[in-house]
Each structure stands twice: as structure tokens, then as C-alpha cells.
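For reference, the structure discussed in these notes is given below.
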Amino acid sequence: MHKPLAMCVTLHMIQYDSFTLDNGLRVLVHEDPYIPTVAMNLLYDVGSRDEHPEKTGFAHLFEHLMFGGSAHIPQYDEPLQRAGGENNAFTTTDITNYYLVLPAANIEVGFWLESDRMLALSFEPDVLEVQRKVVIEEYKQRYLNQPYGDAWLRLRPMAYKVHPYQWATIGKDISHIENATMDDVKAFFYAYYRPNNAILAVAGNVKTEQIKRLAQKWFEPIPVGNVPARKLPCEPQQTEARIQHVEANVPVSALYKAWHMCERLAPQFYATDLLNDVLGRGKSSRLYRTLVEERRLLTSVSASITGSIDSGLFVISAKPAENVSLEQAEQAILEVIAELQTELLPEEELQKVKNQAETTLIFSEMEVLNRAMNLAYGALLGNPNLVNEQAEHIQAVSVEDIRQVAQQILHPNNCSTLYYHAKQ
């Protein structure tokens with residue numbers, strides 16, 4: 001058997017400068033004179049975990065509202081497109097992230113657009129109504145009218161009993177968005193979408209002094225906000241298995257198992273991530289190779305982690321083959337897990353997933369936008385240089401580390417299981 005070699009390709013260090021404006025906006029700059037474009041990534045330190053339990057879905061609503069125009073710019077997209085740019089945004093449990101890419105010569109257009117909506121978002125009633133309808137329609141399409149769409153809506157509250165990760169970014173109940181008032185919306189905006197609650201990362205064909213001048217010109221006049229102190233409840237350790245059965249009109253039955261795992265900055269995070277890869281990353285993973293290809297008990301299986309800032313979830317989902325019950329599928333998955341809990345993983349198998357993880361890092365860094373995103377997220381975690389340290393963390397994981405996290409995490413009392421039955 002060919003033994004995988006340790007990665008011989010080294011990641012290029014992402015050099016960056018950083019400074020903070022008088023109003024608290026943190027700015028990171030990565031200069032790359034060899035490309036014609038610039039990426040701007042504006043990360044707001046607010047996600048669905050910061051919402052009131054009776055007013056959820058607001059961070060995601062703002063992902064949409066921020067494109068509804070601002071005081072001096074009725075349409076966000078039009079001037080950006082004229083400048084040759086493109087943009088998008090996403091919301092997670094932890095952050096709301098806006099980004100754009102445009103030609104380096106037009107970088108000031110990006111500063112103008114992003115600063116104007118931070119300064120004075122449009123609170124026109126018709127804008128709220130349009131975006132409210134968009135979010136409600138998204139909820140119906142993605143979560144209610146799509147096979148297995150509500151699986152996460154069920155898994156989260158099963159796994160989390162006190163932490164606000166118990167609801168998805170779309171919200172706990174769509175009525176929260178349906179009933180959102182303009183006062184609710186304004187209060188959320190002025191609490192969180194402030195310069196002292198944001199991180200701006202700019203990467204590409206720019207100079208740090210140029211970005212400092214632009215940041216001071218466009219962002220520094222924006223007043224500081226009174227950002228609420230984050231006081232999130234700690235999720236108590238799960239001490240017994242949680243089980244839920246649901247029946248729905250889906251093509252085939254499915255199984256979802258979610259275990260609590262460490263927070264993003266815990267020492268065992270990288271071992272947990274690699275364990276997840278060993279079990280469920282692609283067709284060479286243990287679960288796929290053993291249960292889909294060899295034993296033909298499953299038609300599909302995958303593993304993922306939420307990787308959230310607070311304690312996340314390690315999830316395995318699978319669909320059984322014809323005439324295989326969910327219980328039989330589950331038992332087969334647990335047998336594969338038990339091997340990793342008792343026997344040491346062969347070194348070459350661990351090295352293979354390390355190589356895959358590093359390759360993913362290398363390819364992601366080819367995109368200037370990813371460099372900006374990773375710098376901003378690292379800064380949020382307290383270490384912008386994390387982007388340059390991840391490969392080292394990956395390579396430091398040992399086979400014993402893998403066995404230990406398998407034993408610590410993947411035990412029955414730490415697991416929430418959703419049996420998703422297809423109607424007969």
C-alpha cells in the first residue's frame with residue numbers, strides 16, 4: 001500500500017498590517033501587488049447567538065436589509081456593478097459577514113458603499129416589508145418545503161437546552177420575523193452594526209497607507225455604538241442520550257446524530273476536525289468506504305462539524321440502503337466509530353487527511369477574498385495570524401489525539417439522534 005507523504009508544499013505566509021480607528025473599527029490590510037483586484041470583507045461581531053429568544057432571525061434579516069439602500073445610496077448594487085464589482089453576504093450563529101471584490105482602481109467605491117450603510121441604513125418601511133417577505137419565502141423554501149429541510153430546526157433545540165445555538169440563523173420561529181417592528185429593527189441595528197463591533201479586512205493590490213487614508217475618510221466619522229455586553233448561558237454537559245422520531249413525506253428515511261464538541265479555540269479543535277475527516281470526508285473516508293462501498297448498508301453518509309466559536313456540534317448524517325432500517329444503519333456507524341475509540345489510527349491514514357486539509361488551505365488562499373475573510377475571522381478570535389498557523393496545528397495532531405477525542409466526544413450520553421422516517 002502506498003504510504004502518503006507529509007505535505008511538501010508550504011503555505012505562503014499571508015503578511016498583513018493592522019490599525020484601529022478612533023471609533024474602534026479594526027482594520028487589517030494584506031498587500032498583493034500581483035493581482036488586479038481588491039477584496040473588502042466587513043465582519044460584524046453579531047450572529048444569531050446574540051438575539052433575544054423571543055426575537056430571533058434578526059441577524060439574518062439584516063444580511064438582507066443591508067442591501068436595501070442607505071441614506072445617500074438608494075440602491076447598493078448599482079454603483080458597485082458600474083465599478084466592475086460584485087458582492088454578497090452570509091450569516092452564521094456567530095457573525096454577519098459582508099464582502100465585495102472590485103478592480104483595485106475603484107477601491108474607494110467599496111469604502112463609500114460600506115461606510116454609508118454602517119452610518120445610516122435605510123429604514124424605509126417598504127424596504128423592511130420587501131426583505132421580510134424575502135426571508136419568509138426563504139424559510140419556506142429551504143426549511144419547510146424541501147426534503148429534510150427541517151432536520152437542523154429539530155437537531156439544534158435537541159442538542160442545546162440553554163445556549164442560543166438552539167435556534168438556526170433563520171430564527172426559532174418565522175413569526176419572529178413576521179412580527180418584527182421598525183423599532184425592533186432600529187434597536188438591533190444601532191446595538192450591533194457599529195464601527196466598534198466590526199472588523200474590516202482589505203486584501204489585494206493596495207497599500208496600507210492608502211487604506212488608512214480611505215478608512216479615516218469614510219469610516220472614522222461614524223459614531224461609536226454602545227454594544228451590549230455578551231452574557232451567553234453556558235450549555236451544561238449532556239448526560240443522557242436524546243432521541244426524536246419524525247415522519248415526513250421524503251424520498252427515503254435518514255439518520256442524523258449530533259454530539260457536542262469543543263469550542264473553536266480549544267486545543268483539541270484540530271484533532272476533532274481531523275477525526276471528522278477520517279470518518280466522513282469524501283469517498284475514501286471510513287464511513288463511506290466501509291458502509292457504502294463494502295457492506296452496502298448505506299447509500300450516502302457524511303460527517304461535518306459546526307466549528308462555532310462556542311461549543312459546537314459534530315454531526316453524522318446517513319441514508320440507509322433499501323431494506324436496511326435506521327437502527328441497523330446506526331449500529332453500523334457506531335461499529336466504525338468504536339474501532340477509532342479502541343484502536344490507533346494508522347499513521348498513513350491520519351497523514352492522508354492532514355494532506356487533504358492542508359491542500360484545502362492552499363487552494364483557499366489562492367483567492368484574495370478568502371485571505372481577507374480569514375484575516376478578519378482570525379482577528380475576531382483574537383489572533384489574525386491564525387491564518388498562518390493552521391497548517392502547523394493540523395500537522396501537530398497525533399494518532400493518540402484522534403483516539404482521545406473519539407472517546408471523549410462520540411459516546412451515547414453526549415449524543416442527540418434524529419430518526420427521520422419516510423412515510424410509507
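We name chains A, B, ... following the order of the C-alpha cells; residues begin at 1 in each chain, and ligands are numbered from 1 as shown.
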Might you pull out every residue within 12 Å of segment 119-125 of chain A, with only C-alpha atoms counted and same-chain residues fewer than 4 positions away left off, and present them as a ChimeraX atom specification?
/A:62,64-76,111-115,129-132,180-190,193-195,218-225
Polymer residues at most 8 Å from segment 232-240 of chain A, only C-alpha atoms, same-chain spacing of 6 or more positions, as a ChimeraX atom specification
/A:49,160-164,260,412-415
Got time to write the residues from that selection, C-alpha atoms, as a tab-separated table (two decimals), in the first residue's frame?
chain	number	residue	atom	x	y	z
A	49	ARG	CA	-26.45	33.71	19.27
A	160	TYR	CA	-28.84	22.81	23.08
A	161	LYS	CA	-31.13	23.42	26.02
A	162	VAL	CA	-29.92	26.83	27.23
A	163	HIS	CA	-27.37	28.22	24.74
A	164	PRO	CA	-28.79	30.32	21.86
A	260	HIS	CA	-21.31	18.15	21.49
A	412	PRO	CA	-24.01	7.80	23.65
A	413	ASN	CA	-24.74	10.15	26.56
A	414	ASN	CA	-23.35	13.07	24.57
A	415	CYS	CA	-25.48	12.39	21.50
Using only C-alpha atoms, the residue out of A:Ile409, A:Val301, A:Leu313, A:Leu265 with shortest distance to Asn383 of chain A is A:Leu265
Go ahead and compute the interatomic distance for atom CA of Leu279 of chain A and atom CA of Lys354 of chain A, in Å to one decimal.
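Going from atom CA of Leu279 of chain A over to atom CA of Lys354 of chain A covers 13.2 Å.
For the set A:Thr20, A:Ser308, A:Thr169, A:Thr96, the residue with the smallest atom-to-atom gap to Tyr192 of chain A is A:Thr96, counting only C-alpha atoms.
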Which residues are near segment 314-316 of chain A? Cut-off 8 Å, only C-alpha atoms, ignore same chain within fewer than 6 positions. Put them as a list of chain:residue names.
A:Tyr256, A:Lys257, A:Ala258, A:Trp259, A:His260, A:Met261, A:Asn276, A:Gly280, A:Val301, A:Ser302, A:Ala303, A:Ser304, A:Ile305, A:Thr306
Exercise: segment 83-85 of chain A partners within 7 Å, only C-alpha atoms, chain neighbours under 2 positions left out, as number ranges by chain
A: 79-81, 87, 100-103, 106
Prev. selection, N, CA and C atoms, output as a JSON list (two decimals), in the first residue's frame:
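The resulting file, out-v6.json, is shown below:
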[["chain", "number", "residue", "atom", "x", "y", "z"],
["A", 79, "PRO", "N", -24.22, 51.09, -8.12],
["A", 79, "PRO", "CA", -22.88, 51.71, -8.25],
["A", 79, "PRO", "C", -21.74, 50.70, -8.17],
["A", 80, "LEU", "N", -21.94, 49.63, -7.40],
["A", 80, "LEU", "CA", -20.89, 48.61, -7.32],
["A", 80, "LEU", "C", -20.70, 47.91, -8.67],
["A", 81, "GLN", "N", -21.81, 47.57, -9.31],
["A", 81, "GLN", "CA", -21.73, 46.92, -10.62],
["A", 81, "GLN", "C", -21.12, 47.85, -11.67],
["A", 87, "ASN", "N", -20.65, 41.40, -5.00],
["A", 87, "ASN", "CA", -20.71, 41.33, -3.54],
["A", 87, "ASN", "C", -21.64, 40.23, -3.09],
["A", 100, "LEU", "N", -17.06, 42.21, -0.73],
["A", 100, "LEU", "CA", -17.13, 42.63, -2.13],
["A", 100, "LEU", "C", -15.74, 42.53, -2.74],
["A", 101, "VAL", "N", -15.72, 42.35, -4.06],
["A", 101, "VAL", "CA", -14.47, 42.32, -4.83],
["A", 101, "VAL", "C", -14.65, 43.27, -6.00],
["A", 102, "LEU", "N", -13.65, 44.12, -6.24],
["A", 102, "LEU", "CA", -13.74, 45.06, -7.35],
["A", 102, "LEU", "C", -12.35, 45.41, -7.85],
["A", 103, "PRO", "N", -12.24, 46.03, -9.04],
["A", 103, "PRO", "CA", -10.91, 46.41, -9.54],
["A", 103, "PRO", "C", -10.22, 47.36, -8.57],
["A", 106, "ASN", "N", -10.86, 51.07, -8.37],
["A", 106, "ASN", "CA", -12.17, 51.55, -7.88],
["A", 106, "ASN", "C", -12.41, 51.23, -6.41]]
